[in-house]
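Participant: Structure supplied as my_file38.txt; contents: compact mmCIF, C-alpha atoms.
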# COMPACT_ATOMS: atom_id res chain seq x y z
CA MET L 219 7.88 11.98 74.08
CA GLN L 220 10.09 14.82 72.91
CA LEU L 221 7.52 16.84 70.90
CA LEU L 222 5.11 16.85 73.84
CA LYS L 223 7.82 17.94 76.28
CA GLU L 224 8.76 20.79 73.96
CA LYS L 225 5.12 21.89 73.78
CA ILE L 226 4.85 21.80 77.57
CA LEU L 227 8.05 23.85 77.99
CA LYS L 228 7.01 26.36 75.34
CA TYR L 229 3.28 26.77 76.03
CA GLY L 230 2.63 25.31 79.49
CA ARG L 231 2.24 27.72 82.36
CA VAL L 232 3.12 26.86 85.94
CA LEU L 233 0.54 28.30 88.33
CA PRO L 234 0.43 28.25 92.15
CA ASN L 235 -0.60 25.01 93.89
CA ARG L 236 1.34 22.94 91.36
CA ILE L 237 -1.16 23.54 88.59
CA LEU L 238 0.20 23.09 85.07
CA LYS L 239 -1.90 24.98 82.58
CA VAL L 240 -1.82 23.38 79.14
CA ASP L 241 -5.13 24.67 77.89
CA SER L 242 -3.58 26.24 74.80
CA PHE L 243 -2.99 22.80 73.26
CA LEU L 244 -4.43 19.97 75.38
CA ASN L 245 -7.57 20.53 77.41
CA HIS L 246 -9.41 23.61 76.18
CA GLN L 247 -7.89 24.48 72.83
CA ILE L 248 -6.66 21.23 71.28
CA ASP L 249 -3.70 20.83 68.93
CA VAL L 250 -5.01 17.93 66.87
CA SER L 251 -1.70 17.28 65.06
CA LEU L 252 -0.02 16.85 68.45
CA LEU L 253 -2.80 14.44 69.40
CA ASN L 254 -2.02 12.45 66.27
CA GLU L 255 1.64 12.13 67.26
CA MET L 256 0.53 11.04 70.72
CA GLY L 257 -1.84 8.51 69.19
CA LYS L 258 1.03 7.01 67.16
CA GLU L 259 3.14 6.81 70.31
CA PHE L 260 0.39 4.98 72.22
CA LYS L 261 0.14 2.60 69.27
CA ASN L 262 3.92 2.00 69.46
CA ILE L 263 3.63 1.20 73.16
CA PHE L 264 0.41 -0.85 73.25
CA GLY L 265 0.11 -1.99 69.62
CA SER L 266 0.84 -5.66 70.36
CA GLU L 267 -1.79 -5.93 73.09
CA ASN L 268 -4.79 -6.68 70.83
CA VAL L 269 -6.74 -3.79 72.29
CA THR L 270 -10.49 -4.01 71.57
CA LYS L 271 -11.63 -0.80 73.23
CA ILE L 272 -10.20 2.49 74.45
CA LEU L 273 -11.73 3.78 77.67
CA THR L 274 -11.49 7.36 78.91
CA VAL L 275 -13.51 9.77 81.03
CA GLU L 276 -15.22 12.98 79.98
CA ALA L 277 -14.35 15.61 79.03
CA SER L 278 -10.71 16.28 78.16
CA GLY L 279 -9.79 12.64 77.60
CA ILE L 280 -12.26 12.24 74.75
CA GLY L 281 -10.34 13.99 71.99
CA ILE L 282 -7.09 12.21 72.83
CA ALA L 283 -8.85 8.84 72.97
CA CYS L 284 -10.66 9.36 69.65
CA ILE L 285 -7.53 10.39 67.76
CA ALA L 286 -5.55 7.48 69.29
CA ALA L 287 -8.36 5.03 68.48
CA GLN L 288 -7.75 5.60 64.76
CA TYR L 289 -4.38 3.83 65.11
CA PHE L 290 -5.95 0.87 66.94
CA ASN L 291 -9.12 0.62 64.79
CA VAL L 292 -11.28 0.22 67.88
CA PRO L 293 -14.19 2.15 69.40
CA VAL L 294 -13.83 4.64 72.22
CA LEU L 295 -15.94 4.46 75.35
CA PHE L 296 -16.04 7.42 77.69
CA ALA L 297 -17.20 7.19 81.29
CA LYS L 298 -19.79 9.79 82.23
CA LYS L 299 -19.40 12.03 85.24
CA HIS L 300 -23.00 13.18 85.28
CA ALA L 301 -26.07 10.99 85.59
CA ALA L 302 -27.80 11.91 82.34
CA GLY L 303 -31.34 10.79 81.60
CA ASN L 304 -30.24 9.04 78.44
CA LEU L 305 -27.68 6.74 80.07
CA ASP L 306 -28.65 3.10 80.46
CA LYS L 307 -29.97 2.06 83.85
CA GLU L 308 -27.52 -0.83 84.01
CA THR L 309 -24.07 0.66 84.55
CA TYR L 310 -20.69 -0.16 85.98
CA GLU L 311 -19.86 2.59 88.46
CA SER L 312 -16.98 3.78 90.55
CA GLU L 313 -16.64 6.56 93.11
CA VAL L 314 -13.82 8.99 92.39
CA TYR L 315 -12.56 11.78 94.62
CA SER L 316 -11.68 14.94 92.71
CA TYR L 317 -9.05 17.12 94.36
CA THR L 318 -9.76 19.86 91.81
CA ARG L 319 -13.41 20.00 92.83
CA GLY L 320 -12.98 18.88 96.43
CA LYS L 321 -15.68 16.23 96.32
CA ASN L 322 -16.61 12.72 95.28
CA TYR L 323 -18.30 12.01 92.01
CA THR L 324 -19.48 8.84 90.32
CA ILE L 325 -18.21 7.72 86.93
CA ARG L 326 -20.46 5.41 84.94
CA VAL L 327 -20.24 3.17 81.90
CA SER L 328 -23.18 1.31 80.38
CA LYS L 329 -22.95 -2.45 80.83
CA ASN L 330 -23.83 -2.79 77.14
CA TYR L 331 -20.42 -1.58 75.99
CA LEU L 332 -17.91 -3.40 78.18
CA SER L 333 -17.70 -7.17 78.53
CA SER L 334 -15.38 -9.94 79.62
CA GLU L 335 -14.31 -10.28 75.97
CA ASP L 336 -12.78 -6.81 75.96
CA ARG L 337 -9.09 -5.93 76.15
CA VAL L 338 -9.16 -2.34 77.36
CA LEU L 339 -6.63 0.45 77.05
CA ILE L 340 -7.32 3.43 79.30
CA ILE L 341 -6.25 6.82 77.95
CA ASP L 342 -6.39 10.12 79.83
CA ASP L 343 -4.75 13.53 79.80
CA PHE L 344 -3.44 13.88 83.36
CA LEU L 345 -2.32 11.61 86.16
CA ALA L 346 -1.78 13.26 89.54
CA LYS L 347 -3.19 11.44 92.56
CA GLY L 348 -4.51 8.64 90.36
CA LYS L 349 -8.11 8.58 91.55
CA ALA L 350 -9.74 8.86 88.11
CA LEU L 351 -7.45 6.24 86.59
CA LEU L 352 -8.00 3.79 89.45
CA GLY L 353 -11.75 4.39 89.13
CA LEU L 354 -11.60 3.53 85.43
CA GLY L 355 -9.57 0.42 86.29
CA ASP L 356 -12.22 -0.50 88.84
CA ILE L 357 -14.90 -0.28 86.13
CA VAL L 358 -12.85 -2.51 83.81
CA ALA L 359 -12.51 -5.05 86.64
CA LYS L 360 -16.24 -4.93 87.42
CA ALA L 361 -16.95 -5.70 83.75
CA GLY L 362 -14.62 -8.69 83.93
CA ALA L 363 -12.65 -7.21 81.04
CA HIS L 364 -8.88 -7.37 80.70
CA LEU L 365 -7.02 -4.12 81.31
CA VAL L 366 -3.99 -4.13 79.02
CA GLY L 367 -2.66 -0.83 80.32
CA ALA L 368 -3.03 2.90 80.68
CA GLY L 369 -1.63 5.63 78.47
CA ILE L 370 -1.35 9.04 80.08
CA VAL L 371 -0.27 12.26 78.44
CA ILE L 372 1.15 14.12 81.44
CA GLU L 373 2.02 12.48 84.75
CA LYS L 374 2.79 14.64 87.76
CA GLY L 375 5.62 12.44 88.99
CA PHE L 376 5.89 14.37 92.26
CA GLN L 377 2.41 13.20 93.30
CA GLU L 378 1.57 9.67 94.37
CA GLY L 379 -0.75 8.59 91.53
CA GLY L 380 1.91 6.98 89.33
CA LYS L 381 3.28 4.95 92.22
CA LEU L 382 -0.21 3.81 93.32
CA VAL L 383 -1.21 2.85 89.79
CA ARG L 384 2.04 0.96 89.06
CA GLU L 385 1.86 -0.84 92.41
CA SER L 386 -1.68 -1.92 91.58
CA GLY L 387 -0.20 -3.83 88.65
CA ILE L 388 -1.45 -1.59 85.86
CA ASN L 389 0.90 -1.33 82.86
CA LEU L 390 1.21 2.47 82.94
CA HIS L 391 2.99 4.58 80.33
CA SER L 392 3.06 8.36 80.52
CA LEU L 393 4.28 10.38 77.56
CA ALA L 394 5.77 13.06 79.83
CA ILE L 395 6.55 12.70 83.54
CA ILE L 396 7.09 15.90 85.48
CA LYS L 397 9.67 15.66 88.25
CA SER L 398 9.10 19.11 89.69
CA MET L 399 7.49 22.47 89.07
CA ASP L 400 8.63 24.01 92.36
CA LYS L 401 11.09 26.40 90.73
CA GLY L 402 8.29 27.92 88.67
CA TYR L 403 9.19 25.95 85.58
CA VAL L 404 8.78 22.34 84.52
CA GLU L 405 11.51 19.75 85.03
CA PHE L 406 10.94 16.31 83.50
CA GLU L 407 12.05 12.92 84.69
CA GLU L 408 14.46 11.22 82.32
CA MET P 136 -25.48 11.42 54.93
CA GLN P 137 -26.49 7.88 54.04
CA LEU P 138 -24.05 5.94 56.25
CA LEU P 139 -25.11 7.94 59.31
CA LYS P 140 -28.81 7.42 58.59
CA GLU P 141 -28.22 3.68 58.27
CA LYS P 142 -26.42 3.65 61.63
CA ILE P 143 -29.29 5.53 63.25
CA LEU P 144 -31.88 3.15 61.80
CA LYS P 145 -29.86 0.08 62.78
CA TYR P 146 -28.52 1.06 66.21
CA GLY P 147 -30.56 4.08 67.38
CA ARG P 148 -33.31 3.47 69.92
CA VAL P 149 -36.40 5.61 70.18
CA LEU P 150 -37.32 6.20 73.83
CA PRO P 151 -40.29 8.03 75.35
CA ASN P 152 -40.26 11.85 75.34
CA ARG P 153 -38.73 11.91 71.86
CA ILE P 154 -35.33 10.80 73.08
CA LEU P 155 -33.13 9.19 70.44
CA LYS P 156 -30.52 7.00 72.04
CA VAL P 157 -27.39 6.73 69.90
CA ASP P 158 -24.95 5.97 72.68
CA SER P 159 -23.73 2.79 70.99
CA PHE P 160 -21.89 4.82 68.33
CA LEU P 161 -22.04 8.57 68.99
CA ASN P 162 -22.14 9.89 72.53
CA HIS P 163 -21.02 7.21 74.97
CA GLN P 164 -19.38 4.51 72.88
CA ILE P 165 -17.92 6.20 69.80
CA ASP P 166 -17.52 4.66 66.35
CA VAL P 167 -14.39 6.51 65.27
CA SER P 168 -14.55 5.32 61.64
CA LEU P 169 -18.04 6.81 61.37
CA LEU P 170 -16.66 10.04 62.86
CA ASN P 171 -14.05 10.05 60.11
CA GLU P 172 -16.72 9.80 57.41
CA MET P 173 -18.60 12.63 59.10
CA GLY P 174 -15.43 14.69 59.25
CA LYS P 175 -14.93 14.26 55.49
CA GLU P 176 -18.54 15.31 54.91
CA PHE P 177 -18.11 18.47 56.99
CA LYS P 178 -14.97 19.18 54.97
CA ASN P 179 -16.97 18.77 51.73
CA ILE P 180 -19.56 21.23 53.00
CA PHE P 181 -17.38 23.86 54.66
CA GLY P 182 -14.00 23.24 53.00
CA SER P 183 -14.00 26.47 50.99
CA GLU P 184 -14.70 28.67 54.02
CA ASN P 185 -11.09 29.07 55.19
CA VAL P 186 -11.99 27.83 58.66
CA THR P 187 -9.33 28.69 61.27
CA LYS P 188 -10.91 27.06 64.31
CA ILE P 189 -13.53 24.45 65.16
CA LEU P 190 -15.64 25.27 68.20
CA THR P 191 -17.71 22.76 70.15
CA VAL P 192 -18.96 22.25 73.69
CA GLU P 193 -18.09 19.51 76.14
CA ALA P 194 -18.50 16.61 76.32
CA SER P 195 -19.93 14.66 73.38
CA GLY P 196 -18.99 17.24 70.74
CA ILE P 197 -15.28 16.91 71.44
CA GLY P 198 -14.57 13.64 69.66
CA ILE P 199 -16.52 14.65 66.56
CA ALA P 200 -14.78 18.03 66.46
CA CYS P 201 -11.29 16.54 66.88
CA ILE P 202 -11.74 13.96 64.13
CA ALA P 203 -13.24 16.59 61.78
CA ALA P 204 -10.42 19.05 62.58
CA GLN P 205 -7.94 16.68 60.95
CA TYR P 206 -9.54 17.44 57.58
CA PHE P 207 -9.36 21.19 58.14
CA ASN P 208 -5.90 21.27 59.74
CA VAL P 209 -7.09 23.61 62.46
CA PRO P 210 -7.25 23.46 66.26
CA VAL P 211 -10.38 22.58 68.21
CA LEU P 212 -11.69 24.75 71.01
CA PHE P 213 -14.31 23.35 73.36
CA ALA P 214 -16.50 25.53 75.54
CA LYS P 215 -16.56 24.46 79.18
CA LYS P 216 -19.78 23.88 81.05
CA HIS P 217 -18.19 23.86 84.48
CA ALA P 218 -16.21 26.69 86.04
CA ALA P 219 -12.93 24.87 86.61
CA GLY P 220 -10.16 26.42 88.66
CA ASN P 221 -7.74 26.15 85.78
CA LEU P 222 -9.80 28.15 83.26
CA ASP P 223 -8.59 31.68 82.51
CA LYS P 224 -10.32 34.48 84.38
CA GLU P 225 -11.00 36.33 81.13
CA THR P 226 -13.67 34.40 79.26
CA TYR P 227 -16.41 34.86 76.72
CA GLU P 228 -19.57 33.46 78.27
CA SER P 229 -23.12 32.64 77.33
CA GLU P 230 -26.10 31.38 79.31
CA VAL P 231 -27.69 28.23 77.91
CA TYR P 232 -30.90 26.57 79.04
CA SER P 233 -30.69 22.78 79.08
CA TYR P 234 -34.00 21.00 78.62
CA THR P 235 -32.29 17.69 79.47
CA ARG P 236 -31.20 19.01 82.85
CA GLY P 237 -34.01 21.52 83.36
CA LYS P 238 -31.76 24.44 84.25
CA ASN P 239 -29.49 27.17 82.97
CA TYR P 240 -25.77 26.71 82.75
CA THR P 241 -22.96 28.93 81.57
CA ILE P 242 -20.62 27.96 78.74
CA ARG P 243 -17.21 29.59 78.71
CA VAL P 244 -14.28 30.03 76.35
CA SER P 245 -11.00 31.68 77.26
CA LYS P 246 -10.46 35.01 75.50
CA ASN P 247 -6.95 33.81 74.64
CA TYR P 248 -8.18 31.35 72.04
CA LEU P 249 -10.79 33.22 70.03
CA SER P 250 -10.18 36.50 68.24
CA SER P 251 -11.56 38.74 65.50
CA GLU P 252 -9.12 37.05 63.11
CA ASP P 253 -10.86 33.70 63.49
CA ARG P 254 -13.23 32.05 61.03
CA VAL P 255 -15.12 29.61 63.20
CA LEU P 256 -16.98 26.43 62.35
CA ILE P 257 -19.21 25.13 65.15
CA ILE P 258 -19.61 21.36 65.35
CA ASP P 259 -21.92 19.49 67.70
CA ASP P 260 -23.69 16.14 67.96
CA PHE P 261 -27.35 17.15 68.43
CA LEU P 262 -29.57 20.06 67.54
CA ALA P 263 -33.01 20.09 69.17
CA LYS P 264 -34.18 23.41 70.59
CA GLY P 265 -30.96 25.12 69.52
CA LYS P 266 -29.97 26.67 72.83
CA ALA P 267 -26.41 25.28 72.96
CA LEU P 268 -25.73 26.18 69.33
CA LEU P 269 -27.06 29.72 69.72
CA GLY P 270 -24.95 30.06 72.88
CA LEU P 271 -21.84 29.04 70.95
CA GLY P 272 -22.79 31.52 68.21
CA ASP P 273 -23.15 34.20 70.88
CA ILE P 274 -19.62 33.47 72.10
CA VAL P 275 -18.25 33.73 68.54
CA ALA P 276 -20.01 37.11 68.16
CA LYS P 277 -18.67 38.37 71.50
CA ALA P 278 -15.15 37.50 70.32
CA GLY P 279 -15.73 39.48 67.14
CA ALA P 280 -14.88 36.36 65.15
CA HIS P 281 -16.59 35.32 61.92
CA LEU P 282 -18.96 32.36 62.17
CA VAL P 283 -18.75 30.50 58.86
CA GLY P 284 -21.38 27.96 59.84
CA ALA P 285 -22.47 25.08 62.00
CA GLY P 286 -22.18 21.37 61.29
CA ILE P 287 -24.54 19.16 63.26
CA VAL P 288 -24.67 15.39 63.26
CA ILE P 289 -28.35 14.82 64.13
CA GLU P 290 -31.02 17.51 63.94
CA LYS P 291 -34.41 16.88 65.48
CA GLY P 292 -36.31 18.55 62.67
CA PHE P 293 -39.59 18.36 64.59
CA GLN P 294 -38.24 20.76 67.23
CA GLU P 295 -37.71 24.45 66.67
CA GLY P 296 -33.90 24.68 66.94
CA GLY P 297 -33.12 24.32 63.24
CA LYS P 298 -35.63 27.02 62.30
CA LEU P 299 -34.34 29.40 64.99
CA VAL P 300 -30.72 28.85 63.99
CA ARG P 301 -31.37 29.24 60.24
CA GLU P 302 -33.46 32.37 60.82
CA SER P 303 -30.62 33.84 62.85
CA GLY P 304 -28.56 33.71 59.65
CA ILE P 305 -26.25 30.85 60.62
CA ASN P 306 -25.19 28.60 57.73
CA LEU P 307 -26.44 25.35 59.25
CA HIS P 308 -25.87 21.88 57.81
CA SER P 309 -27.09 18.75 59.58
CA LEU P 310 -25.91 15.33 58.41
CA ALA P 311 -29.24 13.74 59.33
CA ILE P 312 -32.53 15.54 59.96
CA ILE P 313 -35.24 13.59 61.75
CA LYS P 314 -38.76 14.39 60.64
CA SER P 315 -40.55 12.31 63.24
CA MET P 316 -40.09 9.62 65.87
CA ASP P 317 -43.74 9.53 66.93
CA LYS P 318 -44.38 6.09 65.44
CA GLY P 319 -41.64 4.60 67.59
CA TYR P 320 -39.13 4.56 64.77
CA VAL P 321 -37.10 7.25 63.02
CA GLU P 322 -38.28 8.95 59.82
CA PHE P 323 -35.82 11.30 58.12
CA GLU P 324 -36.47 14.43 56.10
CA GLU P 325 -35.42 14.12 52.50
For this file, write the structure as structure tokens.
Facilitator:
Amino acid sequence: MQLLKEKILKYGRVLPNRILKVDSFLNHQIDVSLLNEMGKEFKNIFGSENVTKILTVEASGIGIACIAAQYFNVPVLFAKKHAAGNLDKETYESEVYSYTRGKNYTIRVSKNYLSSEDRVLIIDDFLAKGKALLGLGDIVAKAGAHLVGAGIVIEKGFQEGGKLVRESGINLHSLAIIKSMDKGYVEFEE
Amino acid sequence: MQLLKEKILKYGRVLPNRILKVDSFLNHQIDVSLLNEMGKEFKNIFGSENVTKILTVEASGIGIACIAAQYFNVPVLFAKKHAAGNLDKETYESEVYSYTRGKNYTIRVSKNYLSSEDRVLIIDDFLAKGKALLGLGDIVAKAGAHLVGAGIVIEKGFQEGGKLVRESGINLHSLAIIKSMDKGYVEFEE
């Protein structure tokens, strides 16, 4: 997606350890008009799939999922990373390893909001090693729902997540795939 | 806001310890068309304030803030509750006590995205004891920005937060104010 790539080139910052900082428009400050263009693009890609629910994980996926959901006319469901007192007791869960935090955490979705009737589109901001996305896919499978695909904003193509996810059979589309950041700037895959 | 009150009466569940569970449409599963009506209402209330930025706190405020931001044509900024490696070193911070979790946590906003030029509208899902909202107001003050007001979805009017926030001079508007849940169902203030 050209507009997104231009934003990344203009405002993204390449930090050590292959960190791409896009917090001026994506995951701290949020450019909502860009999110709208991304939502339209996800609709172009997955619009014929009869999506009934968009699934994401807190926190930075929520805004993207909500804006995109307007084009699908479906509710959003976000998996929780923290066991809050007000979450239902009956949940679908999956263990996810976070490389950013260096530890496992559990993502949870109430059984009330995901069923075998659902056709689920997963949306998230980043795909690197793929653990969060595979965990969300695991939750969809546990619910007996149909996973129609996954829409990712930025895929780090030089890490193994995209390959793992595609090999698992998930219909994955990333709006921007980064080939390399090793020169200190971002190069995209064509 | 009538539509919101109807949703609360129809789908909200009153649990012990004055917990109102609205996770079927607000803070786990999200009814995005309801969020759009709420966004329009916030625009009606604060539309003349020349808002330049909407500030919220992760996680459940993000979707509401992003949908509302479309009516103001401004970016969203969400305060982070967790010190992530990819947050800027230079941040405005505030300590917030969480009654849900029974401990203090620090909310942070990068200094890059809030300045004395900004006219900030705070948006959040719940107001109970007011700690999170006052913490966000503290961050706005530290940035030297102008706080035009706060838009809350559900205020627990039987707790002290609303009084504290209004007495602090913040222009607070809540779309639904709950007078009592002690009878096992929700009664609203007029």
Participant: Mind listing as an MDAnalysis selection string which residues of chain L are within 10 Å of chain P, counting only C-alpha atoms?
Facilitator: chainID L and resid 233 237:251 253:254 271:273 275:288 291:298 301:306 318:319 327:328 330:332
Participant: Can those selected residues be exported to a file as a PDB file, in the coordinates of the input so that it contains C-alpha atoms?
Facilitator:
ATOM      1  CA  LEU L 233       0.540  28.300  88.330  1.00  0.00           C
ATOM      2  CA  ILE L 237      -1.160  23.540  88.590  1.00  0.00           C
ATOM      3  CA  LEU L 238       0.200  23.090  85.070  1.00  0.00           C
ATOM      4  CA  LYS L 239      -1.900  24.980  82.580  1.00  0.00           C
ATOM      5  CA  VAL L 240      -1.820  23.380  79.140  1.00  0.00           C
ATOM      6  CA  ASP L 241      -5.130  24.670  77.890  1.00  0.00           C
ATOM      7  CA  SER L 242      -3.580  26.240  74.800  1.00  0.00           C
ATOM      8  CA  PHE L 243      -2.990  22.800  73.260  1.00  0.00           C
ATOM      9  CA  LEU L 244      -4.430  19.970  75.380  1.00  0.00           C
ATOM     10  CA  ASN L 245      -7.570  20.530  77.410  1.00  0.00           C
ATOM     11  CA  HIS L 246      -9.410  23.610  76.180  1.00  0.00           C
ATOM     12  CA  GLN L 247      -7.890  24.480  72.830  1.00  0.00           C
ATOM     13  CA  ILE L 248      -6.660  21.230  71.280  1.00  0.00           C
ATOM     14  CA  ASP L 249      -3.700  20.830  68.930  1.00  0.00           C
ATOM     15  CA  VAL L 250      -5.010  17.930  66.870  1.00  0.00           C
ATOM     16  CA  SER L 251      -1.700  17.280  65.060  1.00  0.00           C
ATOM     17  CA  LEU L 253      -2.800  14.440  69.400  1.00  0.00           C
ATOM     18  CA  ASN L 254      -2.020  12.450  66.270  1.00  0.00           C
ATOM     19  CA  LYS L 271     -11.630  -0.800  73.230  1.00  0.00           C
ATOM     20  CA  ILE L 272     -10.200   2.490  74.450  1.00  0.00           C
ATOM     21  CA  LEU L 273     -11.730   3.780  77.670  1.00  0.00           C
ATOM     22  CA  VAL L 275     -13.510   9.770  81.030  1.00  0.00           C
ATOM     23  CA  GLU L 276     -15.220  12.980  79.980  1.00  0.00           C
ATOM     24  CA  ALA L 277     -14.350  15.610  79.030  1.00  0.00           C
ATOM     25  CA  SER L 278     -10.710  16.280  78.160  1.00  0.00           C
ATOM     26  CA  GLY L 279      -9.790  12.640  77.600  1.00  0.00           C
ATOM     27  CA  ILE L 280     -12.260  12.240  74.750  1.00  0.00           C
ATOM     28  CA  GLY L 281     -10.340  13.990  71.990  1.00  0.00           C
ATOM     29  CA  ILE L 282      -7.090  12.210  72.830  1.00  0.00           C
ATOM     30  CA  ALA L 283      -8.850   8.840  72.970  1.00  0.00           C
ATOM     31  CA  CYS L 284     -10.660   9.360  69.650  1.00  0.00           C
ATOM     32  CA  ILE L 285      -7.530  10.390  67.760  1.00  0.00           C
ATOM     33  CA  ALA L 286      -5.550   7.480  69.290  1.00  0.00           C
ATOM     34  CA  ALA L 287      -8.360   5.030  68.480  1.00  0.00           C
ATOM     35  CA  GLN L 288      -7.750   5.600  64.760  1.00  0.00           C
ATOM     36  CA  ASN L 291      -9.120   0.620  64.790  1.00  0.00           C
ATOM     37  CA  VAL L 292     -11.280   0.220  67.880  1.00  0.00           C
ATOM     38  CA  PRO L 293     -14.190   2.150  69.400  1.00  0.00           C
ATOM     39  CA  VAL L 294     -13.830   4.640  72.220  1.00  0.00           C
ATOM     40  CA  LEU L 295     -15.940   4.460  75.350  1.00  0.00           C
ATOM     41  CA  PHE L 296     -16.040   7.420  77.690  1.00  0.00           C
ATOM     42  CA  ALA L 297     -17.200   7.190  81.290  1.00  0.00           C
ATOM     43  CA  LYS L 298     -19.790   9.790  82.230  1.00  0.00           C
ATOM     44  CA  ALA L 301     -26.070  10.990  85.590  1.00  0.00           C
ATOM     45  CA  ALA L 302     -27.800  11.910  82.340  1.00  0.00           C
ATOM     46  CA  GLY L 303     -31.340  10.790  81.600  1.00  0.00           C
ATOM     47  CA  ASN L 304     -30.240   9.040  78.440  1.00  0.00           C
ATOM     48  CA  LEU L 305     -27.680   6.740  80.070  1.00  0.00           C
ATOM     49  CA  ASP L 306     -28.650   3.100  80.460  1.00  0.00           C
ATOM     50  CA  THR L 318      -9.760  19.860  91.810  1.00  0.00           C
ATOM     51  CA  ARG L 319     -13.410  20.000  92.830  1.00  0.00           C
ATOM     52  CA  VAL L 327     -20.240   3.170  81.900  1.00  0.00           C
ATOM     53  CA  SER L 328     -23.180   1.310  80.380  1.00  0.00           C
ATOM     54  CA  ASN L 330     -23.830  -2.790  77.140  1.00  0.00           C
ATOM     55  CA  TYR L 331     -20.420  -1.580  75.990  1.00  0.00           C
ATOM     56  CA  LEU L 332     -17.910  -3.400  78.180  1.00  0.00           C
TER      57      LEU L 332
END
Participant: To one decimal in Å, tell me the separation between CA of Val404 in chain L and CA of Ala346 in chain L.
Facilitator: 14.8 Å
Participant: Just give me the gap between CA of Ala276 in chain P and CA of Tyr240 in chain P in Å, one decimal is fine.
Facilitator: 18.8 Å
Participant: Residues near His217 in chain P, anyone? I mean within 9 Å using only C-alpha atoms, not counting same-chain ones fewer than 6 positions away, as a ChimeraX atom specification.
Facilitator: /P:240-243
Participant: Could you tell me how far CA of Val186 in chain P lies from CA of Arg254 in chain P, in Å and to one decimal?
Facilitator: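 Result for CA of Val186 in chain P versus CA of Arg254 in chain P: 5.0 Å, one decimal.
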Participant: Counting all atoms listed in the file, which residue out of L:Asp342, L:Asp336, L:Glu311, L:Glu224 sits closest to Gly257 in chain L?
Facilitator: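 For Gly257 in chain L, the nearest of the candidates is L:Asp342.
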Participant: Find the residues near Gln220 in chain L: any atom within 10 Å, counting all atoms listed in the file, skip ones fewer than 5 places away on the same chain, and give them as a PyMOL selection string.
Facilitator: chain L and resi 225-226+393-394
Participant: How would the residues just chosen look if you wrote them out with C-alpha atoms as a short mmCIF file (atom, residue, chain, number, x, y, z; two decimals), in the coordinates of the input?
Facilitator:
data_model
loop_
_atom_site.label_atom_id
_atom_site.label_comp_id
_atom_site.auth_asym_id
_atom_site.auth_seq_id
_atom_site.Cartn_x
_atom_site.Cartn_y
_atom_site.Cartn_z
CA LYS L 225 5.12 21.89 73.78
CA ILE L 226 4.85 21.80 77.57
CA LEU L 393 4.28 10.38 77.56
CA ALA L 394 5.77 13.06 79.83
#
Participant: Need to verify the contact set: Phe177 in chain P, 10 Å, only C-alpha atoms, exclusion of same-chain residues closer than 2 positions in sequence. Can you return it as a ChimeraX atom specification?
Facilitator: /P:171-175,179-182,203-204,206-207,256,258,285-288,308-310
Participant: Around (10.8, 26.7, 85.0) in the file's own coordinates, what residues are found within 10 Å if you use only C-alpha atoms, given back as a list in words?
Facilitator: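 Residues with an atom at most 10 Å from (10.8, 26.7, 85.0): Leu227, Gly230, Arg231, Val232, Ser398, Met399, Asp400, Lys401, Gly402, Tyr403, Val404 and Glu405 of chain L.
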Participant: How big is the axis-aligned box around all listed atoms of range 265-278 of chain L once 8 Å goes on each side, and where's its centre, in Å to one decimal, as lines of an AutoDock Vina configuration file?
Facilitator:
center_x = -7.2
center_y = 4.8
center_z = 75.3
size_x = 32.1
size_y = 39.0
size_z = 27.4
Participant: Quick one: of L:Ala361, L:Leu390, L:Leu382, L:Met219, who's nearest to Thr309 in chain L, counting only C-alpha atoms?
Facilitator: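 Once distances to Thr309 in chain L are computed over only C-alpha atoms, the minimum belongs to L:Ala361.
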